[in-house]
Structure formats: C-alpha cells, structure tokens
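Asker: I'd like to ask you about the structure that follows.
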Amino acid sequence: ETMVLAHGLDRGRIFITGLSAGGAMTSAMLACYPEIFEGGAIIASLPYGSAKTVPEAFDRMRGHGMPSERQLQKAL
C-alpha cells in the first residue's frame, strides 16, 4: 500500500515473481494475499502448502511425498 500511495502505482498492474526460494515466497504471497496481486510467476519452486518442515521440503524437491492436488487446494 505504501508503494501504491508513494508512487501512484496502478493496483491492477501489480505482479510478483520468484525463482527457487523466491518462488516459494511468491507462492506464499499469492496464496495469502490474492487481493494484492494481478498475477505472478513461480519458477523452479514448490507449490504453497507442499511442505511444513525443512526436511519435508527437501523430500519434496527430490520428488518424494508430494501432496495430492486436492490436498494442495485445501492448503489455500
């Protein structure tokens, strides 16, 4: 909100993107604050809600134990 007011930004043109850990933050921001962003791009990262601990995140990155699509939807 500070940036919108200070710089006269168009709220309809606010996007977010991130790579790797930045992609995880992008995923979290889009899931938690959908009203802020017009859209976003998550590059080389895990989906929001796919891991709750660091060891789980490493497991998911290796392709093990990924939640189902339904479980990921519930995380939102």
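Scheme for the structure tokens: letters A, B, ... for chains in order shown; per-chain residue numbers from 1; ligand numbers from 1 in order shown.
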Can you tell me, as JSON, numbers by chain, what residues are no more than 8 Å from Ile43 of chain A when counting only C-alpha atoms, ignoring any on the same chain fewer than 6 positions away?

Answerer: {"A": [17, 18, 19, 20, 23]}

Asker: Here is a test: counting only C-alpha atoms, which residue of A:Ser45, A:Glu35, A:Thr2, A:Gln71 is nearest to Ala57 of chain A?

Answerer: A:Ser45

Asker: Apply DSSP to the backbone of this structure and, from chain A, keep only the residues in helix (DSSP H, G or I); write these as a compact mmCIF listing (two decimals) with N, CA and C atoms, in the first residue's frame.

Answerer:
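Saved file part.txt follows:
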```txt
# COMPACT_ATOMS: atom_id res chain seq x y z
N THR A 2 1.97 1.19 0.74
CA THR A 2 2.89 2.34 0.80
C THR A 2 3.42 2.68 -0.59
N MET A 3 3.81 1.66 -1.35
CA MET A 3 4.35 1.89 -2.70
C MET A 3 3.27 2.44 -3.63
N VAL A 4 2.05 1.93 -3.51
CA VAL A 4 0.94 2.41 -4.35
C VAL A 4 0.73 3.89 -4.09
N LEU A 5 0.67 4.28 -2.84
CA LEU A 5 0.42 5.69 -2.49
C LEU A 5 1.62 6.58 -2.81
N ALA A 6 2.81 6.13 -2.48
CA ALA A 6 4.00 6.96 -2.67
C ALA A 6 4.35 7.17 -4.14
N HIS A 7 4.04 6.18 -4.98
CA HIS A 7 4.47 6.26 -6.38
C HIS A 7 3.31 6.25 -7.37
N ARG A 11 -3.02 -0.36 -9.14
CA ARG A 11 -3.22 -1.63 -8.41
C ARG A 11 -3.48 -2.80 -9.36
N GLY A 12 -4.00 -2.53 -10.52
CA GLY A 12 -4.27 -3.58 -11.49
C GLY A 12 -3.05 -4.06 -12.24
N ARG A 13 -1.89 -3.48 -11.92
CA ARG A 13 -0.65 -3.87 -12.61
C ARG A 13 0.43 -4.30 -11.62
N ALA A 21 13.82 -20.27 -3.83
CA ALA A 21 13.24 -19.82 -2.56
C ALA A 21 12.37 -18.59 -2.77
N GLY A 22 12.75 -17.76 -3.73
CA GLY A 22 11.91 -16.61 -4.09
C GLY A 22 10.59 -17.07 -4.68
N GLY A 23 10.61 -18.21 -5.37
CA GLY A 23 9.37 -18.79 -5.89
C GLY A 23 8.48 -19.27 -4.76
N ALA A 24 9.10 -19.81 -3.71
CA ALA A 24 8.32 -20.23 -2.54
C ALA A 24 7.66 -19.02 -1.88
N MET A 25 8.39 -17.91 -1.79
CA MET A 25 7.80 -16.70 -1.23
C MET A 25 6.70 -16.16 -2.14
N THR A 26 6.92 -16.22 -3.44
CA THR A 26 5.89 -15.80 -4.39
C THR A 26 4.64 -16.64 -4.20
N SER A 27 4.81 -17.93 -4.08
CA SER A 27 3.69 -18.85 -3.87
C SER A 27 2.93 -18.49 -2.60
N ALA A 28 3.66 -18.23 -1.52
CA ALA A 28 3.03 -17.87 -0.25
C ALA A 28 2.31 -16.53 -0.36
N MET A 29 2.92 -15.56 -1.02
CA MET A 29 2.29 -14.24 -1.16
C MET A 29 1.01 -14.32 -1.99
N LEU A 30 1.04 -15.09 -3.08
CA LEU A 30 -0.15 -15.24 -3.91
C LEU A 30 -1.26 -15.96 -3.15
N ALA A 31 -0.90 -16.95 -2.35
CA ALA A 31 -1.89 -17.71 -1.58
C ALA A 31 -2.48 -16.88 -0.45
N CYS A 32 -1.65 -16.09 0.21
CA CYS A 32 -2.10 -15.36 1.40
C CYS A 32 -2.66 -13.97 1.11
N VAL A 54 11.61 -28.18 6.99
CA VAL A 54 12.74 -28.17 6.06
C VAL A 54 13.01 -29.58 5.52
N PRO A 55 13.04 -30.63 6.37
CA PRO A 55 13.24 -31.97 5.81
C PRO A 55 12.14 -32.36 4.80
N GLU A 56 10.90 -31.97 5.08
CA GLU A 56 9.82 -32.25 4.12
C GLU A 56 10.08 -31.51 2.81
N ALA A 57 10.53 -30.28 2.89
CA ALA A 57 10.82 -29.51 1.67
C ALA A 57 11.89 -30.20 0.84
N PHE A 58 12.95 -30.68 1.49
CA PHE A 58 14.00 -31.39 0.75
C PHE A 58 13.44 -32.66 0.11
N ASP A 59 12.59 -33.37 0.83
CA ASP A 59 11.95 -34.56 0.28
C ASP A 59 11.13 -34.21 -0.96
N ARG A 60 10.35 -33.14 -0.87
CA ARG A 60 9.50 -32.72 -2.00
C ARG A 60 10.36 -32.33 -3.20
N MET A 61 11.48 -31.67 -2.93
CA MET A 61 12.38 -31.27 -4.03
C MET A 61 12.96 -32.48 -4.74
N GLU A 69 -3.31 -33.06 -5.53
CA GLU A 69 -3.87 -31.78 -5.96
C GLU A 69 -4.94 -31.31 -4.98
N ARG A 70 -5.75 -32.23 -4.52
CA ARG A 70 -6.81 -31.90 -3.55
C ARG A 70 -6.22 -31.36 -2.24
N GLN A 71 -5.15 -31.98 -1.75
CA GLN A 71 -4.50 -31.52 -0.52
C GLN A 71 -3.91 -30.12 -0.70
N LEU A 72 -3.33 -29.87 -1.87
CA LEU A 72 -2.76 -28.55 -2.13
C LEU A 72 -3.86 -27.49 -2.21
N GLN A 73 -4.99 -27.84 -2.79
CA GLN A 73 -6.11 -26.90 -2.86
C GLN A 73 -6.61 -26.56 -1.46
N LYS A 74 -6.64 -27.55 -0.57
CA LYS A 74 -7.07 -27.31 0.81
C LYS A 74 -6.11 -26.36 1.53
N ALA A 75 -4.83 -26.39 1.17
CA ALA A 75 -3.84 -25.52 1.80
C ALA A 75 -4.11 -24.05 1.50
```

Asker: May I ask which of the residues A:Ser68, A:Glu1, A:Leu76, A:Ile16 is the closest one to Tyr48 of chain A, counting only C-alpha atoms?

Answerer: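 Using only C-alpha atoms, the shortest distance to Tyr48 of chain A belongs to A:Leu76.
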
Asker: Report the residues of chain A whose backbone DSSP state falls under strand (DSSP E), written as a list in words.

Answerer: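 Output for chain A, strand (DSSP E) only: Phe15, Ile16, Thr17, Gly18, Leu19, Gly39, Gly40, Ala41, Ile42 and Ile43 of chain A.
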
Asker: State, in Å with one decimal place, the distance from atom CA of His64 of chain A to atom CA of Lys52 of chain A.

Answerer: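 So the answer is 14.0 Å.
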
Asker: I need the residue nearest Pro34 of chain A from this list: A:Asp10, A:Ala51, A:Phe15, A:Leu46. Use only C-alpha atoms for the distance.

Answerer: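 Nearest candidate to Pro34 of chain A out of A:Asp10, A:Ala51, A:Phe15, A:Leu46: A:Phe15.
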
Asker: Could you please determine the separation between atom CA of Arg62 of chain A and atom CA of Tyr33 of chain A in Å, to one decimal place?

Answerer: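 That distance, rounded to one decimal, is 28.3 Å.
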